[in-house]
$ cat input_9.cif   # mmCIF, C-alpha atoms
data_data
loop_
_atom_site.label_atom_id
_atom_site.label_comp_id
_atom_site.auth_asym_id
_atom_site.auth_seq_id
_atom_site.Cartn_x
_atom_site.Cartn_y
_atom_site.Cartn_z
CA MET A 1 -5.07 3.26 16.85
CA GLY A 2 -5.32 5.78 14.03
CA GLY A 3 -8.91 6.58 14.97
CA PRO A 4 -8.29 7.43 18.63
CA ALA A 5 -5.11 9.30 17.69
CA ALA A 6 -6.91 11.40 15.06
CA LEU A 7 -9.76 12.05 17.46
CA MET A 8 -7.46 13.26 20.23
CA LEU A 9 -5.51 15.48 17.82
CA THR A 10 -8.71 16.97 16.43
CA MET A 11 -10.16 17.58 19.87
CA ALA A 12 -6.86 19.18 20.91
CA GLY A 13 -7.23 21.59 18.02
CA VAL A 14 -4.25 20.89 15.82
CA GLY A 15 -4.52 22.90 12.63
CA ARG A 16 -5.08 20.12 10.13
CA VAL A 17 -5.48 16.36 10.21
CA ILE A 18 -4.96 14.24 7.10
CA ILE A 19 -6.37 10.76 7.61
CA ALA A 20 -5.54 8.03 5.09
CA HIS A 21 -7.45 4.78 5.33
CA GLY A 22 -8.55 2.52 2.51
CA GLY A 23 -11.52 0.19 2.33
CA ASP A 24 -15.02 0.11 3.71
CA MET A 25 -16.13 -0.12 7.31
CA ILE A 26 -16.66 -3.78 8.26
CA SER A 27 -18.16 -5.29 11.38
CA PRO A 28 -14.81 -6.56 12.81
CA ASP A 29 -13.70 -2.90 12.92
CA LEU A 30 -16.35 -2.10 15.48
CA ASN A 31 -14.39 -3.40 18.47
CA ARG A 32 -11.80 -0.61 18.12
CA GLN A 33 -12.89 1.92 15.50
CA VAL A 34 -13.96 4.82 17.65
CA LEU A 35 -14.68 6.89 14.53
CA GLY A 36 -17.00 4.26 13.07
CA SER A 37 -20.41 2.89 13.95
CA GLU A 38 -23.00 0.30 12.97
CA GLU A 39 -24.65 2.96 10.79
CA VAL A 40 -21.71 3.20 8.39
CA LEU A 41 -20.99 -0.49 7.85
CA GLY A 42 -20.20 -1.06 4.18
CA LYS A 43 -19.35 2.60 3.58
CA PRO A 44 -15.86 4.01 2.86
CA ARG A 45 -13.95 4.48 6.10
CA ALA A 46 -11.92 7.59 5.34
CA GLU A 47 -14.71 9.95 4.34
CA HIS A 48 -16.91 8.93 7.24
CA PHE A 49 -14.05 9.22 9.72
CA ALA A 50 -13.26 12.68 8.37
CA ALA A 51 -16.89 13.76 8.72
CA TYR A 52 -16.92 12.55 12.33
CA LEU A 53 -13.72 14.42 13.11
CA ARG A 54 -15.11 17.62 11.55
CA SER A 55 -18.17 17.27 13.76
CA MET A 56 -15.91 17.29 16.81
CA ASN A 57 -14.05 20.52 16.10
CA ARG A 58 -15.02 22.99 13.40
CA PHE A 59 -11.71 24.82 13.74
CA VAL A 60 -9.68 21.87 12.53
CA GLU A 61 -9.28 21.21 8.81
CA VAL A 62 -9.74 17.51 8.08
CA GLU A 63 -8.67 15.89 4.83
CA ALA A 64 -9.61 12.30 3.92
CA ILE A 65 -7.61 10.00 1.66
CA ASP A 66 -9.58 6.87 0.77
CA HIS A 67 -6.63 4.58 0.07
CA GLU A 68 -3.24 3.66 1.48
CA PRO A 69 -0.63 6.03 -0.05
CA ASP A 70 2.12 4.49 -2.18
CA ASP A 71 5.76 5.57 -1.92
CA VAL A 72 5.38 8.66 -4.08
CA GLU A 73 2.15 9.84 -2.49
CA ALA A 74 3.47 9.21 1.02
CA SER A 75 6.54 11.26 0.23
CA LEU A 76 4.45 14.14 -1.16
CA LEU A 77 2.06 14.01 1.80
CA ALA A 78 4.93 14.07 4.28
CA ARG A 79 6.08 17.37 2.84
CA ARG A 80 2.69 18.87 3.70
CA CYS A 81 2.79 17.66 7.29
CA ASP A 82 4.55 18.55 10.53
CA ILE A 83 4.41 15.00 11.90
CA ILE A 84 3.34 11.50 10.84
CA LEU A 85 1.48 9.04 13.06
CA SER A 86 1.85 5.52 11.70
CA CYS A 87 -0.93 3.09 12.59
CA PRO A 88 -1.48 0.78 9.56
CA PRO A 89 -1.76 -3.02 9.77
CA THR A 90 1.33 -3.97 7.78
CA PHE A 91 5.02 -3.30 8.27
CA GLU A 92 5.39 -2.47 4.57
CA GLU A 93 3.07 0.50 5.09
CA ARG A 94 4.78 1.48 8.34
CA LEU A 95 8.25 1.36 6.80
CA ARG A 96 6.96 3.40 3.85
CA LEU A 97 5.66 6.11 6.17
CA ASN A 98 8.92 5.98 8.12
CA ARG A 99 10.88 6.61 4.92
CA ALA A 100 8.52 9.43 3.94
CA ALA A 101 8.99 11.11 7.32
CA ALA A 102 12.77 10.72 7.16
CA GLY A 103 12.80 12.18 3.65
CA ALA A 104 10.75 15.18 4.74
CA GLY A 105 12.74 15.58 7.95
CA ILE A 106 9.67 15.44 10.19
CA PRO A 107 9.02 13.48 13.41
CA PHE A 108 7.53 10.01 13.10
CA LEU A 109 5.46 8.08 15.64
CA ASP A 110 4.83 4.38 15.19
CA ALA A 111 1.89 3.03 17.17
CA ALA A 112 1.28 -0.71 17.09
CA GLN A 113 -0.68 -3.38 18.92
CA TRP A 114 -1.39 -7.09 19.10
CA GLY A 115 -4.10 -8.38 21.40
CA MET A 116 -3.57 -6.64 24.72
CA ASN A 117 0.03 -5.65 23.97
CA GLY A 118 1.19 -2.50 22.27
CA SER A 119 4.20 -0.38 21.41
CA LEU A 120 5.00 3.22 20.61
CA ILE A 121 8.19 4.48 18.96
CA VAL A 122 9.08 8.19 18.78
CA VAL A 123 11.53 9.17 16.05
CA LYS A 124 13.39 12.47 15.74
CA PRO A 125 14.57 12.51 12.12
CA GLY A 126 18.30 12.28 11.65
CA GLU A 127 18.93 12.11 15.38
CA THR A 128 17.30 9.02 16.84
CA ALA A 129 16.69 5.49 15.60
CA CYS A 130 14.04 5.20 12.91
CA LEU A 131 11.62 2.30 12.47
CA GLU A 132 13.93 0.68 9.93
CA CYS A 133 16.78 0.79 12.44
CA VAL A 134 14.58 -1.37 14.67
CA TYR A 135 13.13 -3.60 11.94
CA PRO A 136 15.55 -3.68 8.97
CA THR A 137 13.23 -6.00 7.07
CA ALA A 138 9.48 -6.10 7.33
CA PRO A 139 8.38 -8.84 9.73
CA PRO A 140 5.74 -11.19 8.29
CA PHE A 141 2.18 -9.91 8.08
CA GLU A 142 -0.58 -11.73 9.92
CA GLU A 143 -3.85 -11.59 8.02
CA LEU A 144 -5.78 -12.24 11.21
CA PHE A 145 -4.59 -10.90 14.54
CA PRO A 146 -6.29 -10.17 17.85
CA VAL A 147 -7.34 -6.62 18.63
CA VAL A 148 -8.66 -5.28 21.91
CA GLY A 149 -10.08 -1.80 21.50
CA ALA A 150 -8.91 -0.70 24.92
CA ILE A 151 -5.25 -1.19 24.00
CA SER A 152 -5.75 0.38 20.55
CA SER A 153 -7.23 3.44 22.20
CA THR A 154 -4.48 3.54 24.82
CA ILE A 155 -1.65 3.39 22.29
CA GLY A 156 -3.43 5.76 19.89
CA SER A 157 -3.99 8.28 22.68
CA LEU A 158 -0.36 8.03 23.81
CA ALA A 159 0.74 8.63 20.21
CA ALA A 160 -1.49 11.71 20.10
CA LEU A 161 -0.01 12.90 23.40
CA GLU A 162 3.52 12.62 22.03
CA ALA A 163 2.42 14.45 18.87
CA ILE A 164 0.85 17.26 20.91
CA LYS A 165 4.03 17.60 22.98
CA ILE A 166 6.15 17.78 19.85
CA LEU A 167 3.86 20.19 18.00
CA SER A 168 3.38 22.49 20.99
CA GLN A 169 6.99 22.18 22.15
CA THR A 170 5.72 21.31 25.59
CA GLY A 171 7.06 18.66 27.95
CA GLN A 172 9.61 16.05 27.04
CA PRO A 173 8.85 13.97 23.95
CA GLN A 174 10.13 10.43 24.30
CA TRP A 175 12.60 10.79 21.43
CA GLY A 176 14.43 7.63 20.52
CA LYS A 177 12.47 5.46 22.90
CA MET A 178 10.14 2.54 22.47
CA LEU A 179 7.37 2.13 25.00
CA MET A 180 6.02 -1.39 25.36
CA ILE A 181 2.76 -2.02 27.13
CA ASP A 182 1.95 -5.53 28.32
CA GLY A 183 -1.76 -5.33 28.83
CA TYR A 184 -2.01 -9.02 29.63
CA GLY A 185 0.08 -8.64 32.74
CA GLY A 186 -0.07 -4.91 33.36
CA GLY A 187 3.60 -4.11 32.80
CA PHE A 188 5.23 -1.14 31.09
CA HIS A 189 8.76 -1.17 29.71
CA GLN A 190 10.76 1.47 27.91
CA VAL A 191 13.84 0.87 25.80
CA ASP A 192 16.39 3.35 24.45
CA LEU A 193 16.59 2.55 20.75
CA SER A 194 19.93 2.39 18.95
CA ARG A 195 20.52 3.68 15.45
CA ARG A 196 21.99 1.28 12.92
CA ALA A 197 24.92 2.79 11.09
CA ASP A 198 23.99 0.91 7.91
CA CYS A 199 20.27 1.68 8.09
CA ALA A 200 18.79 1.84 4.59
CA CYS A 201 16.50 4.68 5.65
CA CYS A 202 18.53 6.99 7.88
CA GLY A 203 22.07 5.59 7.88
CA ALA A 204 24.88 4.89 5.50
CA GLY A 205 22.72 2.37 3.61
CA ARG A 206 20.36 4.95 2.17
CA THR A 207 20.57 5.57 -1.54
CA SER A 208 19.02 9.02 -1.41
CA GLU A 209 17.25 11.07 1.19
CA GLY A 210 14.64 8.91 2.85
CA THR A 211 14.69 6.09 0.35
CA SER A 212 15.99 2.60 0.85
CA SER A 213 17.94 0.45 -1.51
CA MET B 1 23.97 -15.08 38.04
CA ASN B 2 20.27 -14.50 37.43
CA ILE B 3 18.67 -12.36 34.78
CA ARG B 4 15.05 -11.32 34.45
CA LEU B 5 13.21 -12.22 31.27
CA VAL B 6 10.43 -10.16 29.70
CA ILE B 7 8.75 -11.62 26.61
CA SER B 8 6.09 -9.46 25.03
CA GLY B 9 4.54 -8.31 21.78
CA ARG B 10 3.20 -10.94 19.42
CA SER B 11 4.95 -13.70 21.38
CA TYR B 12 2.99 -13.09 24.54
CA ASP B 13 1.67 -16.66 24.54
CA LYS B 14 5.25 -17.96 24.65
CA ALA B 15 5.96 -15.92 27.76
CA ALA B 16 3.64 -18.20 29.68
CA GLN B 17 5.97 -21.13 28.93
CA ALA B 18 9.15 -19.27 29.88
CA PRO B 19 10.50 -18.62 33.37
CA GLU B 20 10.61 -15.08 34.73
CA THR B 21 14.28 -15.51 35.58
CA LEU B 22 17.12 -17.45 34.01
CA GLU B 23 20.14 -18.71 35.88
CA LEU B 24 23.30 -18.37 33.82
CA ALA B 25 26.99 -18.90 34.38
CA ALA B 26 29.10 -15.90 35.31
CA GLY B 27 30.32 -14.13 32.20
CA ALA B 28 27.34 -15.22 30.13
CA THR B 29 26.29 -13.10 27.14
CA VAL B 30 22.91 -12.30 25.69
CA ASP B 31 23.46 -15.15 23.22
CA ASP B 32 23.85 -17.57 26.12
CA ALA B 33 20.53 -16.32 27.49
CA LEU B 34 18.84 -16.71 24.11
CA ALA B 35 20.24 -20.23 23.71
CA ALA B 36 19.03 -21.23 27.18
CA LEU B 37 15.60 -19.80 26.43
CA ALA B 38 15.41 -21.53 23.04
CA GLU B 39 16.12 -24.85 24.73
CA LEU B 40 13.34 -24.27 27.22
CA LEU B 41 10.80 -23.18 24.59
CA GLY B 42 11.68 -25.81 21.99
CA GLU B 43 11.12 -25.49 18.26
CA GLU B 44 7.41 -24.89 18.67
CA GLY B 45 8.00 -21.92 20.94
CA ARG B 46 10.75 -20.41 18.82
CA LEU B 47 10.79 -16.62 18.88
CA PRO B 48 10.93 -14.87 15.48
CA ASP B 49 14.28 -13.66 14.14
CA SER B 50 12.81 -10.15 13.92
CA CYS B 51 12.19 -10.11 17.69
CA LEU B 52 13.68 -6.98 19.33
CA VAL B 53 16.37 -7.63 21.96
CA ALA B 54 17.12 -5.15 24.74
CA VAL B 55 19.26 -5.49 27.84
CA ALA B 56 18.90 -3.23 30.86
CA GLY B 57 16.75 -0.80 28.88
CA ARG B 58 19.13 -0.59 25.93
CA HIS B 59 18.16 -1.82 22.48
CA LEU B 60 20.72 -4.19 20.97
CA GLY B 61 19.04 -5.26 17.71
CA THR B 62 17.04 -8.29 16.71
CA ILE B 63 17.48 -11.95 17.58
CA ALA B 64 18.94 -12.40 14.09
CA ASN B 65 21.32 -9.49 14.33
CA HIS B 66 22.75 -8.10 17.57
CA PRO B 67 26.18 -7.59 19.06
CA ALA B 68 27.63 -9.90 21.68
CA GLU B 69 26.65 -8.32 24.96
CA PRO B 70 27.88 -9.48 28.34
CA LEU B 71 25.19 -9.76 30.97
CA ARG B 72 25.34 -8.76 34.59
CA ASP B 73 23.54 -10.26 37.52
CA GLY B 74 20.09 -8.71 37.77
CA ASP B 75 19.91 -7.52 34.15
CA GLU B 76 16.52 -7.43 32.52
CA VAL B 77 16.42 -8.91 29.03
CA VAL B 78 13.43 -7.77 26.98
CA LEU B 79 12.34 -9.74 23.93
CA PHE B 80 9.59 -8.02 21.95
CA SER B 81 8.13 -9.69 18.88
CA PRO B 82 7.08 -7.06 16.34
CA VAL B 83 3.47 -5.97 16.34
CA ALA B 84 1.74 -3.90 13.71
CA GLY B 85 -1.98 -4.33 13.97
CA GLY B 86 -4.38 -1.52 14.10
#
$ encode --input "input_9.cif" --output "structure tokens"
Amino acid sequence: MGGPAALMLTMAGVGRVIIAHGGDMISPDLNRQVLGSEEVLGKPRAEHFAAYLRSMNRFVEVEAIDHEPDDVEASLLARRCDIILSCPPTFEERLRLNRAAAGAGIPFLDAAQWGMNGSLIVVKPGETACLECVYPTAPPFEELFPVVGAISSTIGSLAALEAIKILSQTGQPQWGKMLMIDGYGGGFHQVDLSRRADCACCGAGRTSEGTSS
Amino acid sequence: MNIRLVISGRSYDKAAQAPETLELAAGATVDDALAALAELLGEEGRLPDSCLVAVAGRHLGTIANHPAEPLRDGDEVVLFSPVAGG
């Protein structure tokens, strides 16, 4: 999802895209990695993805980070950004980015998928439910999970659309909502998310701005 | 009364074993609906505790932690197992 989202943001002409992705391109990536190709198998993802993005729009500054940021780095990066799009494979990483966005007071979009299903959460810091309000503890990580590129691209593009609306102050961002797409059956559902008063990220349970106990 | 069930996310495969509607006694709560569903799905089809619960478009919490919520005839109960993949 991060690839399609970054591509749409770059093509839309946002000022700067910072893309963080560790590891090398592997063949299982090819069914959804729109920024990758057979030619770069075995090569570091982030730098190649950044080069591809630069080739799409010379007016956009693209920065590549070749690893997954830890808590400190995520927090520092958030303070250089206007918005965070969260697309990593684990909830630990997603909750880390959520905390970084809350700490920096910037909007946070969580794009996720499994097989033909996907979800998108739009967070307005301090005002609407954050990811940790929805998932107080990280659900278990599946090492192997099904991915269909069509749903990854759909969710990634919808995340980019929300980001463009927020950045350009155009339209009505879906603040505080979770969109669920059931690609198996073709259904769409939207839920109004509720904040948790004791949320460790954005509620009374936080120990300091944007950090959890 | 009847409620509509939507099971999605990582538990999509379990949706195939669940009915689209559940018939419940008048005055039933979301916990009654979850208990009836758990009986239908059995231990093998158990939904994760982290599964999101929403009623009539409003997020209540997770299966493990949500307030008692009375249901009304025609309500849609959404159960969404967390997904994270990229």
$ residues_around --input "input_9.cif" --residues "A:Tyr184" --least-positions-apart "3" --cutoff "10 Å" --atoms "all atoms listed in the file" --output "list of chain:residue names"
A:Gly115, A:Met116, A:Asn117, A:Ile181, A:Gly187, B:Ser8, B:Tyr12, B:Asp13
$ residues_around --input "input_9.cif" --residues "B:Glu43" --least-positions-apart "6" --cutoff "12 Å" --atoms "only C-alpha atoms" --output "PyMOL selection string"
chain B and resi 14+35+37
$ atom_distance --input "input_9.cif" --atom1 "atom CA of A:Leu85" --atom2 "atom CA of A:Val147"
18.8 Å
$ residues_around --input "input_9.cif" --residues "A:Gly126" --least-positions-apart "4" --cutoff "8 Å" --atoms "only C-alpha atoms" --output "compact mmCIF listing (two decimals) with C-alpha atoms, in the frame of the given file"
# COMPACT_ATOMS: atom_id res chain seq x y z
CA ALA A 102 12.77 10.72 7.16
CA GLY A 105 12.74 15.58 7.95
CA CYS A 202 18.53 6.99 7.88
$ interface_residues --input "input_9.cif" --of "chain A" --to "chain B" --cutoff "6 Å" --atoms "all atoms listed in the file" --output "list in words"
Met1, Cys87, Pro88, Pro89, Thr90, Ala112, Gln113, Trp114, Asn117, Val191, Asp192, Leu193 and Ser194 of chain A
$ write_last_selection --input "input_9.cif" --atoms "C-alpha atoms" --output "mmCIF file, in the frame of the given file"
data_model
loop_
_atom_site.group_PDB
_atom_site.id
_atom_site.type_symbol
_atom_site.label_atom_id
_atom_site.label_comp_id
_atom_site.auth_asym_id
_atom_site.auth_seq_id
_atom_site.Cartn_x
_atom_site.Cartn_y
_atom_site.Cartn_z
ATOM 1 C CA MET A 1 -5.070 3.260 16.850
ATOM 2 C CA CYS A 87 -0.930 3.090 12.590
ATOM 3 C CA PRO A 88 -1.480 0.780 9.560
ATOM 4 C CA PRO A 89 -1.760 -3.020 9.770
ATOM 5 C CA THR A 90 1.330 -3.970 7.780
ATOM 6 C CA ALA A 112 1.280 -0.710 17.090
ATOM 7 C CA GLN A 113 -0.680 -3.380 18.920
ATOM 8 C CA TRP A 114 -1.390 -7.090 19.100
ATOM 9 C CA ASN A 117 0.030 -5.650 23.970
ATOM 10 C CA VAL A 191 13.840 0.870 25.800
ATOM 11 C CA ASP A 192 16.390 3.350 24.450
ATOM 12 C CA LEU A 193 16.590 2.550 20.750
ATOM 13 C CA SER A 194 19.930 2.390 18.950
#
$ resolve_selection --input "input_9.cif" --expression "the PyMOL selection byres ((chain A and resi 27) around 9)" --output "PyMOL selection string"
chain A and resi 25-26+28-31+37-38+41-42
$ closest_residue --input "input_9.cif" --among "A:Arg99, A:Arg32, A:Arg79, A:Arg196" --to "A:Thr154" --atoms "all atoms listed in the file"
A:Arg32
$ closest_residue --input "input_9.cif" --among "B:Ile63, B:Ala33, B:Ala28, B:Leu47" --to "B:Val77" --atoms "all atoms listed in the file"
B:Ala33
$ atom_distance --input "input_9.cif" --atom1 "atom CA of B:Ile3" --atom2 "atom CA of B:Thr21"
5.5 Å
$ residues_around --input "input_9.cif" --residues "B:Leu40" --least-positions-apart "5" --cutoff "9 Å" --atoms "only C-alpha atoms" --output "list in words"
Gln17, Ala18, Pro19, Ala35 and Gly45 of chain B
$ resolve_selection --input "input_9.cif" --expression "the PyMOL selection byres ((chain B and resi 72) around 12)" --output "list of chain:residue names"
B:Met1, B:Asn2, B:Ile3, B:Arg4, B:Leu22, B:Glu23, B:Leu24, B:Ala25, B:Ala26, B:Gly27, B:Ala28, B:Thr29, B:Val30, B:Ala33, B:Val55, B:Ala56, B:Glu69, B:Pro70, B:Leu71, B:Asp73, B:Gly74, B:Asp75, B:Glu76, B:Val77
$ write_last_selection --input "input_9.cif" --atoms "C-alpha atoms" --output "PDB file, in the coordinates of the input"
ATOM      1  CA  MET B   1      23.970 -15.080  38.040  1.00  0.00           C
ATOM      2  CA  ASN B   2      20.270 -14.500  37.430  1.00  0.00           C
ATOM      3  CA  ILE B   3      18.670 -12.360  34.780  1.00  0.00           C
ATOM      4  CA  ARG B   4      15.050 -11.320  34.450  1.00  0.00           C
ATOM      5  CA  LEU B  22      17.120 -17.450  34.010  1.00  0.00           C
ATOM      6  CA  GLU B  23      20.140 -18.710  35.880  1.00  0.00           C
ATOM      7  CA  LEU B  24      23.300 -18.370  33.820  1.00  0.00           C
ATOM      8  CA  ALA B  25      26.990 -18.900  34.380  1.00  0.00           C
ATOM      9  CA  ALA B  26      29.100 -15.900  35.310  1.00  0.00           C
ATOM     10  CA  GLY B  27      30.320 -14.130  32.200  1.00  0.00           C
ATOM     11  CA  ALA B  28      27.340 -15.220  30.130  1.00  0.00           C
ATOM     12  CA  THR B  29      26.290 -13.100  27.140  1.00  0.00           C
ATOM     13  CA  VAL B  30      22.910 -12.300  25.690  1.00  0.00           C
ATOM     14  CA  ALA B  33      20.530 -16.320  27.490  1.00  0.00           C
ATOM     15  CA  VAL B  55      19.260  -5.490  27.840  1.00  0.00           C
ATOM     16  CA  ALA B  56      18.900  -3.230  30.860  1.00  0.00           C
ATOM     17  CA  GLU B  69      26.650  -8.320  24.960  1.00  0.00           C
ATOM     18  CA  PRO B  70      27.880  -9.480  28.340  1.00  0.00           C
ATOM     19  CA  LEU B  71      25.190  -9.760  30.970  1.00  0.00           C
ATOM     20  CA  ASP B  73      23.540 -10.260  37.520  1.00  0.00           C
ATOM     21  CA  GLY B  74      20.090  -8.710  37.770  1.00  0.00           C
ATOM     22  CA  ASP B  75      19.910  -7.520  34.150  1.00  0.00           C
ATOM     23  CA  GLU B  76      16.520  -7.430  32.520  1.00  0.00           C
ATOM     24  CA  VAL B  77      16.420  -8.910  29.030  1.00  0.00           C
TER      25      VAL B  77
END
$ closest_residue --input "input_9.cif" --among "A:Gly156, A:Cys201, A:Ala150, A:Lys43" --to "A:Asn98" --atoms "only C-alpha atoms"
A:Cys201
$ residues_near_point --input "input_9.cif" --point "(7.8, 2.2, 20.6)" --cutoff "10 Å" --atoms "only C-alpha atoms" --output "PyMOL selection string"
chain A and resi 109-112+118-123+131+134+155+159+174-181+189-193
$ write_last_selection --input "input_9.cif" --atoms "C-alpha atoms" --output "short mmCIF file (atom, residue, chain, number, x, y, z; two decimals), in the frame of the given file"
data_model
loop_
_atom_site.label_atom_id
_atom_site.label_comp_id
_atom_site.auth_asym_id
_atom_site.auth_seq_id
_atom_site.Cartn_x
_atom_site.Cartn_y
_atom_site.Cartn_z
CA LEU A 109 5.46 8.08 15.64
CA ASP A 110 4.83 4.38 15.19
CA ALA A 111 1.89 3.03 17.17
CA ALA A 112 1.28 -0.71 17.09
CA GLY A 118 1.19 -2.50 22.27
CA SER A 119 4.20 -0.38 21.41
CA LEU A 120 5.00 3.22 20.61
CA ILE A 121 8.19 4.48 18.96
CA VAL A 122 9.08 8.19 18.78
CA VAL A 123 11.53 9.17 16.05
CA LEU A 131 11.62 2.30 12.47
CA VAL A 134 14.58 -1.37 14.67
CA ILE A 155 -1.65 3.39 22.29
CA ALA A 159 0.74 8.63 20.21
CA GLN A 174 10.13 10.43 24.30
CA TRP A 175 12.60 10.79 21.43
CA GLY A 176 14.43 7.63 20.52
CA LYS A 177 12.47 5.46 22.90
CA MET A 178 10.14 2.54 22.47
CA LEU A 179 7.37 2.13 25.00
CA MET A 180 6.02 -1.39 25.36
CA ILE A 181 2.76 -2.02 27.13
CA HIS A 189 8.76 -1.17 29.71
CA GLN A 190 10.76 1.47 27.91
CA VAL A 191 13.84 0.87 25.80
CA ASP A 192 16.39 3.35 24.45
CA LEU A 193 16.59 2.55 20.75
#
